[in-house]
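Source file: my_file29.csv. Holds: CSV, C-alpha atoms and all ligand atoms.
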chain,number,residue,atom,x,y,z
A,629,MET,CA,-1.8,-17.5,-14.4
A,630,ALA,CA,-4.8,-15.8,-16.2
A,631,LYS,CA,-3.3,-13.3,-18.7
A,632,PHE,CA,-5.2,-10.3,-20.0
A,633,THR,CA,-4.6,-8.0,-22.9
A,634,GLN,CA,-4.9,-4.2,-22.4
A,635,ASP,CA,-8.2,-4.3,-24.4
A,636,GLU,CA,-9.7,-6.9,-22.1
A,637,ILE,CA,-8.6,-4.8,-19.0
A,638,ASP,CA,-10.2,-1.7,-20.6
A,639,LYS,CA,-13.5,-3.6,-21.1
A,640,ILE,CA,-13.4,-5.0,-17.5
A,641,ASN,CA,-12.8,-1.5,-16.2
A,642,SER,CA,-15.8,-0.1,-18.2
A,643,LYS,CA,-18.1,-2.7,-16.6
A,644,LEU,CA,-17.0,-2.4,-13.0
A,645,LYS,CA,-18.8,0.5,-11.3
A,646,THR,CA,-18.1,0.2,-7.6
A,647,PRO,CA,-15.2,-1.0,-5.4
A,648,GLU,CA,-17.4,-3.9,-4.3
A,649,ASP,CA,-18.1,-5.0,-7.9
A,650,THR,CA,-14.4,-4.9,-8.5
A,651,LEU,CA,-13.5,-7.0,-5.5
A,652,ARG,CA,-16.2,-9.6,-6.4
A,653,TRP,CA,-14.8,-9.8,-9.9
A,654,ALA,CA,-11.2,-10.1,-8.5
A,655,TYR,CA,-12.0,-12.9,-6.1
A,656,SER,CA,-14.0,-14.9,-8.6
A,657,THR,CA,-11.2,-14.5,-11.2
A,658,PHE,CA,-8.1,-15.1,-9.0
A,659,GLY,CA,-9.3,-17.3,-6.1
A,660,ASP,CA,-6.6,-17.7,-3.5
A,661,LYS,CA,-3.9,-16.3,-5.9
A,662,ILE,CA,-4.8,-12.8,-5.0
A,663,ALA,CA,-3.9,-10.9,-1.7
A,664,LYS,CA,-4.4,-7.5,-0.3
A,665,ALA,CA,-1.3,-5.5,0.5
A,666,SER,CA,-1.6,-3.3,3.5
A,667,SER,CA,0.6,-0.6,5.1
A,668,PHE,CA,-2.3,0.2,7.5
A,669,GLY,CA,-3.2,3.6,6.3
A,670,LEU,CA,-6.8,4.7,6.4
A,671,GLU,CA,-7.4,3.6,2.8
A,672,ASP,CA,-6.1,0.1,3.7
A,673,SER,CA,-8.5,-0.1,6.6
A,674,VAL,CA,-11.4,0.8,4.2
A,675,VAL,CA,-10.5,-1.7,1.6
A,676,THR,CA,-9.9,-4.4,4.2
A,677,ASP,CA,-13.4,-3.9,5.6
A,678,MET,CA,-14.9,-4.1,2.1
A,679,ILE,CA,-13.0,-7.3,1.4
A,680,ILE,CA,-14.0,-9.1,4.5
A,681,LYS,CA,-17.7,-8.5,3.7
A,682,ILE,CA,-17.2,-10.1,0.3
A,683,ASN,CA,-14.6,-12.8,1.1
A,684,PRO,CA,-14.0,-13.6,4.8
A,685,LYS,CA,-11.2,-16.0,3.8
A,686,ALA,CA,-9.2,-13.4,1.8
A,687,ARG,CA,-5.5,-13.2,2.1
A,688,PHE,CA,-3.7,-10.1,3.5
A,689,PHE,CA,0.0,-9.3,3.7
A,690,THR,CA,2.1,-6.5,5.0
A,691,LEU,CA,5.8,-5.6,4.7
A,692,ASP,CA,7.4,-5.3,8.1
A,693,THR,CA,10.4,-3.1,7.3
A,694,GLY,CA,11.7,-3.3,10.9
A,695,ARG,CA,11.2,0.5,11.1
A,696,LEU,CA,7.5,0.8,11.7
A,697,ASN,CA,5.7,2.8,14.4
A,698,GLN,CA,4.2,1.0,17.4
A,699,GLU,CA,0.8,2.4,16.4
A,700,THR,CA,1.1,0.5,13.1
A,701,TYR,CA,1.7,-2.8,15.0
A,702,ASP,CA,-1.2,-2.0,17.3
A,703,VAL,CA,-3.7,-1.5,14.4
A,704,MET,CA,-2.3,-4.7,12.7
A,705,ASP,CA,-3.4,-6.6,15.8
A,706,GLU,CA,-6.7,-4.8,16.1
A,707,ILE,CA,-7.7,-5.4,12.5
A,708,GLY,CA,-6.5,-9.0,12.7
A,709,LYS,CA,-8.7,-9.7,15.7
A,710,LYS,CA,-11.7,-7.8,14.5
A,711,TYR,CA,-11.8,-9.5,11.1
A,712,ASN,CA,-10.2,-12.8,12.0
A,713,ILE,CA,-7.4,-12.3,9.6
A,714,LYS,CA,-4.2,-14.3,9.6
A,715,LEU,CA,-1.9,-11.5,8.4
A,716,GLU,CA,1.1,-12.7,6.3
A,717,VAL,CA,3.9,-10.5,7.6
A,718,ILE,CA,6.8,-10.3,5.1
A,719,PHE,CA,10.3,-9.4,6.3
A,720,PRO,CA,13.3,-8.2,4.4
A,721,ASP,CA,16.2,-10.5,3.8
A,722,THR,CA,18.5,-10.4,6.9
A,723,ASN,CA,21.7,-10.6,4.9
A,724,GLU,CA,20.6,-7.7,2.6
A,725,VAL,CA,19.7,-5.5,5.6
A,726,GLN,CA,23.0,-6.3,7.4
A,727,GLN,CA,25.1,-5.5,4.3
A,728,MET,CA,23.3,-2.2,3.8
A,729,VAL,CA,23.6,-1.1,7.4
A,730,ARG,CA,27.3,-2.1,7.6
A,731,THR,CA,28.0,-0.1,4.5
A,732,HIS,CA,25.8,2.9,4.9
A,733,GLY,CA,24.7,3.1,8.6
A,734,LEU,CA,21.3,2.7,10.2
A,735,ASN,CA,20.0,6.2,9.3
A,736,LEU,CA,21.3,6.2,5.7
A,737,PHE,CA,18.0,7.5,4.3
A,738,TYR,CA,18.6,11.0,5.6
A,739,GLU,CA,21.9,11.3,3.7
A,740,SER,CA,20.8,11.1,0.1
A,741,VAL,CA,17.9,10.2,-2.2
A,742,GLU,CA,20.1,7.3,-3.5
A,743,ASN,CA,20.6,5.9,0.0
A,744,ARG,CA,16.9,6.4,0.8
A,745,LYS,CA,15.9,4.4,-2.3
A,746,LEU,CA,18.4,1.7,-1.4
A,747,CYS,CA,16.8,1.4,2.0
A,748,CYS,CA,13.2,1.2,0.5
A,749,GLU,CA,14.4,-1.3,-2.0
A,750,THR,CA,16.0,-3.5,0.6
A,751,ARG,CA,13.3,-3.2,3.2
A,752,LYS,CA,10.2,-2.9,1.0
A,753,VAL,CA,10.6,-3.4,-2.8
A,754,ASN,CA,12.5,-6.7,-2.7
A,755,PRO,CA,10.2,-8.4,-0.1
A,756,LEU,CA,7.2,-7.1,-2.1
A,757,ASN,CA,8.6,-8.6,-5.4
A,758,LYS,CA,9.2,-11.9,-3.6
A,759,ILE,CA,5.5,-12.3,-2.5
A,760,LEU,CA,4.1,-10.9,-5.7
A,761,SER,CA,6.0,-13.5,-7.7
A,762,THR,CA,3.8,-16.1,-6.0
A,763,LEU,CA,0.5,-14.3,-6.9
A,764,ASP,CA,-1.6,-13.7,-10.0
A,765,ALA,CA,-3.1,-10.4,-8.6
A,766,TRP,CA,-2.9,-8.0,-5.7
A,767,ILE,CA,-5.1,-5.4,-4.2
A,768,THR,CA,-4.1,-2.0,-3.0
A,769,GLY,CA,-5.6,1.0,-1.2
A,770,LEU,CA,-4.2,3.5,-3.8
A,771,ARG,CA,-6.2,6.7,-4.7
A,772,ARG,CA,-5.6,8.7,-7.9
A,773,ASP,CA,-5.3,12.1,-6.2
A,774,GLN,CA,-2.6,11.0,-3.8
A,775,ASN,CA,0.2,12.1,-6.2
A,776,GLU,CA,1.1,12.6,-9.8
A,777,ASN,CA,2.5,9.0,-10.1
A,778,ARG,CA,-0.9,7.5,-9.2
A,779,SER,CA,-3.0,9.9,-11.2
A,780,LYS,CA,-3.2,7.6,-14.3
A,781,SER,CA,-4.0,4.4,-12.3
A,782,ALA,CA,-7.2,2.5,-13.1
A,783,MET,CA,-9.4,0.3,-10.9
A,784,VAL,CA,-7.9,-2.8,-12.7
A,785,GLU,CA,-4.5,-2.6,-14.4
A,786,ILE,CA,-1.7,-4.7,-15.7
A,787,ASP,CA,1.2,-4.4,-13.3
A,788,THR,CA,4.1,-4.3,-15.7
A,789,LEU,CA,6.5,-3.7,-12.8
A,790,HIS,CA,5.6,-7.1,-11.3
A,791,GLY,CA,5.6,-9.5,-14.2
A,792,GLY,CA,2.3,-8.5,-15.7
A,793,ILE,CA,0.2,-9.7,-12.8
A,794,ILE,CA,-3.1,-7.8,-12.2
A,795,LYS,CA,-3.2,-4.9,-9.8
A,796,ILE,CA,-6.6,-4.0,-8.3
A,797,ASN,CA,-7.2,-0.5,-6.9
A,798,PRO,CA,-10.8,-0.6,-5.8
A,799,ILE,CA,-11.0,3.0,-4.3
A,800,ILE,CA,-8.7,4.6,-6.9
A,801,ASP,CA,-11.2,7.3,-7.7
A,802,TRP,CA,-12.3,8.0,-4.1
A,803,THR,CA,-11.6,11.3,-2.4
A,804,TRP,CA,-10.0,11.7,1.0
A,805,ASP,CA,-13.5,12.7,2.4
A,806,GLN,CA,-15.0,9.5,1.1
A,807,VAL,CA,-12.4,7.5,2.9
A,808,LEU,CA,-13.0,9.4,6.2
A,809,ASP,CA,-16.8,9.0,5.8
A,810,TYR,CA,-16.4,5.2,5.3
A,811,VAL,CA,-14.2,4.8,8.3
A,812,LYS,CA,-16.7,6.7,10.5
A,813,LYS,CA,-19.8,5.1,9.1
A,814,HIS,CA,-18.5,1.5,9.3
A,815,LYS,CA,-16.5,2.0,12.6
A,816,VAL,CA,-13.4,0.6,10.9
A,817,PRO,CA,-10.3,0.2,13.1
A,818,TYR,CA,-7.7,2.7,12.0
A,819,ASN,CA,-4.1,3.6,12.7
A,820,LYS,CA,-4.1,6.0,15.7
A,821,LEU,CA,-1.3,8.0,14.1
A,822,PHE,CA,-4.1,9.5,12.0
A,823,ASP,CA,-5.4,11.3,15.1
A,824,ARG,CA,-2.0,12.9,15.4
A,825,GLY,CA,-2.0,14.3,11.8
A,826,TYR,CA,-0.4,11.4,9.9
A,827,THR,CA,-2.4,11.1,6.7
A,828,SER,CA,-0.1,8.7,5.0
A,829,ILE,CA,1.6,5.8,6.9
A,830,GLY,CA,5.1,4.7,6.3
A,831,CYS,CA,8.2,3.9,8.4
A,832,GLU,CA,8.7,5.8,11.7
A,833,PRO,CA,11.9,7.7,10.7
A,834,CYS,CA,10.6,8.7,7.3
A,835,THR,CA,7.0,9.9,8.1
A,836,ARG,CA,5.7,12.9,10.0
A,837,ALA,CA,2.4,14.5,10.6
A,838,ILE,CA,1.3,17.0,8.0
A,839,LYS,CA,0.8,20.7,8.6
A,840,GLN,CA,-2.4,22.5,7.7
A,841,GLY,CA,-2.8,23.0,4.0
A,842,GLU,CA,-0.1,20.5,3.1
A,843,ASN,CA,-0.6,17.6,0.6
A,844,LEU,CA,-1.8,14.4,2.3
A,845,ARG,CA,1.5,12.7,1.4
A,846,ALA,CA,3.7,15.6,2.4
A,847,GLY,CA,4.7,13.8,5.6
A,848,ARG,CA,6.5,11.1,3.7
A,849,TRP,CA,10.3,11.7,3.2
A,850,TRP,CA,9.5,15.3,4.1
A,851,TRP,CA,13.2,16.3,3.6
A,852,GLU,CA,13.1,15.3,-0.1
A,853,ASN,CA,12.0,17.1,-3.2
A,854,GLU,CA,8.3,16.2,-4.1
A,855,LYS,CA,9.2,14.4,-7.4
A,856,HIS,CA,11.2,11.7,-5.5
A,857,LYS,CA,8.4,10.7,-3.2
A,858,GLU,CA,7.6,7.1,-4.0
A,859,CYS,CA,9.3,4.1,-2.4
A,860,GLY,CA,9.2,2.0,-5.6
A,861,LEU,CA,6.3,-0.2,-4.7
A,862,HIS,CA,4.0,1.5,-7.2
A,863,MET,CA,6.4,3.0,-9.7
A,864,ASP,CA,6.1,1.8,-13.2
A,865,HIS,CA,9.5,2.6,-14.6
A,866,SER,CA,8.5,1.6,-18.1
A,867,LYS,CA,6.3,4.8,-18.3
A,901,LIG,S1,10.5,4.4,4.3
A,901,LIG,FE1,12.5,5.0,5.3
A,901,LIG,S2,13.0,3.4,6.8
A,901,LIG,FE2,11.3,2.7,5.5
A,901,LIG,S3,12.3,1.4,3.9
A,901,LIG,FE3,12.1,3.5,3.1
A,901,LIG,S4,13.9,4.6,3.6
A,901,LIG,FE4,13.9,2.7,4.8

Go through the file and emit its structure as C-alpha cells.
Ligand code: SF4
Amino acid sequence: MAKFTQDEIDKINSKLKTPEDTLRWAYSTFGDKIAKASSFGLEDSVVTDMIIKINPKARFFTLDTGRLNQETYDVMDEIGKKYNIKLEVIFPDTNEVQQMVRTHGLNLFYESVENRKLCCETRKVNPLNKILSTLDAWITGLRRDQNENRSKSAMVEIDTLHGGIIKINPIIDWTWDQVLDYVKKHKVPYNKLFDRGYTSIGCEPCTRAIKQGENLRAGRWWWENEKHKECGLHMDHSK
C-alpha cells in the first residue's frame, strides 16, 4: 500500500484544483485498490457521474444496513444500469445483527444515543471497516459545510480511523447549490426521496424530510441532540 506523509498530502492538495483532477490523480495512484462509497444521496450521484467519465471500470460499494428506503434501492438500480456499474453491496454480519436485536429489540435506536450508535456500528461501521481493510483508498461525497465534524476535511486526507488509507473527498468544498446545478445540468439519476424534502439519505427509520430553514442534515436522527449526529463512518476519534 502506498503510504503518504502529511507533508506529501498537503503538497498534493495544493496542486489539485478540481474534483476531476483529484479523481484522475486518485485512479492513477491507487488503480483497482480504490472504491467509491455511496449511500445514494445527491452528492454521491454527482461524484459517481464524474468518476464514470474518468474511469468507466471504477469500483463502487454501498452498505445495505437492511433498513434502507425502497427509493434508495430504486436509485441503486437506476444508477447501476445507466453507468453499467456492478455495485458491491456490503451487508452486516448476520450473527452480530441477531445478537443486537435479541438483546435490544428492532427499534433500539429510538431508546438512547448509546443504542443508536450500537446499531450504526453493527449495521454500518463494522461492514465499512471490513471492506476498507481491503483497499488503499476510498472516495466519498462529503462536503465541508454539511456539519462541524466535516468542516476540517480536505480533498485528499489520511484516514487515521481506517488504518491510514487515503480518503478522497472530491467535492469537499462544494456548496449545496453546486450539487443541485450539477445534477440538473448532467441529468444525473438521483434518489427520489430528495423530491420529498430528504436532503441527506440514511436508513428509513432514522431519516426524515427537513423543514424550511433547517440544516440539510437535520433529518438524520432528528430526535437526537445536534452534536451526536454522525454514524461513525467519518468520525476521526483521534481528533
Ligand atoms: S441509521 Fe438507524 S437503522 Fe441505520 S444503522 Fe444507524 S441506527 Fe441503525

What are the nearest atom pairs, with distances in Å to one decimal, for all residues of chain A that come at most 6 Å from ligand LIG 901 (chain A), using all atoms listed in the file, set out by chain and rising residue number as CSV?
residue,atom,partner,partner_atom,distance
A:Thr693,CA,A:LIG901,S3,6.0
A:Arg695,CA,A:LIG901,S2,5.5
A:Phe737,CA,A:LIG901,S4,5.1
A:Arg744,CA,A:LIG901,S4,4.5
A:Cys747,CA,A:LIG901,FE4,4.2
A:Cys748,CA,A:LIG901,S3,3.5
A:Arg751,CA,A:LIG901,S3,4.8
A:Lys752,CA,A:LIG901,S3,5.6
A:Gly830,CA,A:LIG901,S1,5.8
A:Cys831,CA,A:LIG901,FE2,4.4
A:Pro833,CA,A:LIG901,S2,5.9
A:Cys834,CA,A:LIG901,FE1,4.6

Print the selection's residues with C-alpha atoms to a file, as a PDB file, in the coordinates of the input.
ATOM      1  CA  THR A 693      10.400  -3.100   7.300  1.00  0.00           C
ATOM      2  CA  ARG A 695      11.200   0.500  11.100  1.00  0.00           C
ATOM      3  CA  PHE A 737      18.000   7.500   4.300  1.00  0.00           C
ATOM      4  CA  ARG A 744      16.900   6.400   0.800  1.00  0.00           C
ATOM      5  CA  CYS A 747      16.800   1.400   2.000  1.00  0.00           C
ATOM      6  CA  CYS A 748      13.200   1.200   0.500  1.00  0.00           C
ATOM      7  CA  ARG A 751      13.300  -3.200   3.200  1.00  0.00           C
ATOM      8  CA  LYS A 752      10.200  -2.900   1.000  1.00  0.00           C
ATOM      9  CA  GLY A 830       5.100   4.700   6.300  1.00  0.00           C
ATOM     10  CA  CYS A 831       8.200   3.900   8.400  1.00  0.00           C
ATOM     11  CA  PRO A 833      11.900   7.700  10.700  1.00  0.00           C
ATOM     12  CA  CYS A 834      10.600   8.700   7.300  1.00  0.00           C
TER      13      CYS A 834
END

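Our summary of the geometry notes that CA of Ile838 in chain A is positioned 6.2 Å from CA of Tyr826 in chain A.
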
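Taking all atoms listed in the file into account, Trp804 in chain A lies nearest to A:Arg771 out of the set A:Arg771, A:Lys820, A:His790, A:Lys714.
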
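Distance-wise, CA of Ile713 in chain A and CA of Thr646 in chain A end up 23.8 Å apart.
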
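Going from CA of Arg836 in chain A to CA of Asp677 in chain A covers 25.8 Å.
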
Would you list the contacts of Pro720 in chain A as a compact mmCIF listing (two decimals) with C-alpha atoms, in the frame of the given file, taking every protein, DNA or RNA residue within 12 Å and counting only C-alpha atoms, but skipping same-chain residues closer than 3 positions in sequence?
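What ended up in selection-v1.txt:
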# COMPACT_ATOMS: atom_id res chain seq x y z
CA THR A 690 2.10 -6.50 5.00
CA LEU A 691 5.80 -5.60 4.70
CA ASP A 692 7.40 -5.30 8.10
CA THR A 693 10.40 -3.10 7.30
CA GLY A 694 11.70 -3.30 10.90
CA ARG A 695 11.20 0.50 11.10
CA VAL A 717 3.90 -10.50 7.60
CA ASN A 723 21.70 -10.60 4.90
CA GLU A 724 20.60 -7.70 2.60
CA VAL A 725 19.70 -5.50 5.60
CA GLN A 726 23.00 -6.30 7.40
CA MET A 728 23.30 -2.20 3.80
CA CYS A 747 16.80 1.40 2.00
CA CYS A 748 13.20 1.20 0.50
CA GLU A 749 14.40 -1.30 -2.00
CA THR A 750 16.00 -3.50 0.60
CA ARG A 751 13.30 -3.20 3.20
CA LYS A 752 10.20 -2.90 1.00
CA VAL A 753 10.60 -3.40 -2.80
CA ASN A 754 12.50 -6.70 -2.70
CA PRO A 755 10.20 -8.40 -0.10
CA LEU A 756 7.20 -7.10 -2.10
CA ASN A 757 8.60 -8.60 -5.40
CA LYS A 758 9.20 -11.90 -3.60
CA ILE A 759 5.50 -12.30 -2.50

With all atoms listed in the file as the basis for distance, which of A:Thr700, A:Thr633, A:Asn853, A:Ser761 is at the shortest distance from Leu789 in chain A? A:Ser761

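With distances taken over all atoms listed in the file, A:Val811 is the one residue among A:Leu715, A:Val811, A:Leu844, A:Ala837 lying closest to Val674 in chain A.
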
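You can rank A:Gly708, A:Gly841, A:Gly769, A:Gly659 by their closest distance to Ile829 in chain A using only C-alpha atoms, and at the top of that list sits A:Gly769.
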
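If all atoms listed in the file are the atoms counted, then among A:Arg730, A:Lys710, A:Arg848, A:Lys745 the closest residue to Val816 in chain A is A:Lys710.
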
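Remark: for Leu760 in chain A, the closest of the candidate residues A:Gln698, A:Thr788, A:Ser781, A:Ser740 is A:Thr788 (distances computed over only C-alpha atoms).
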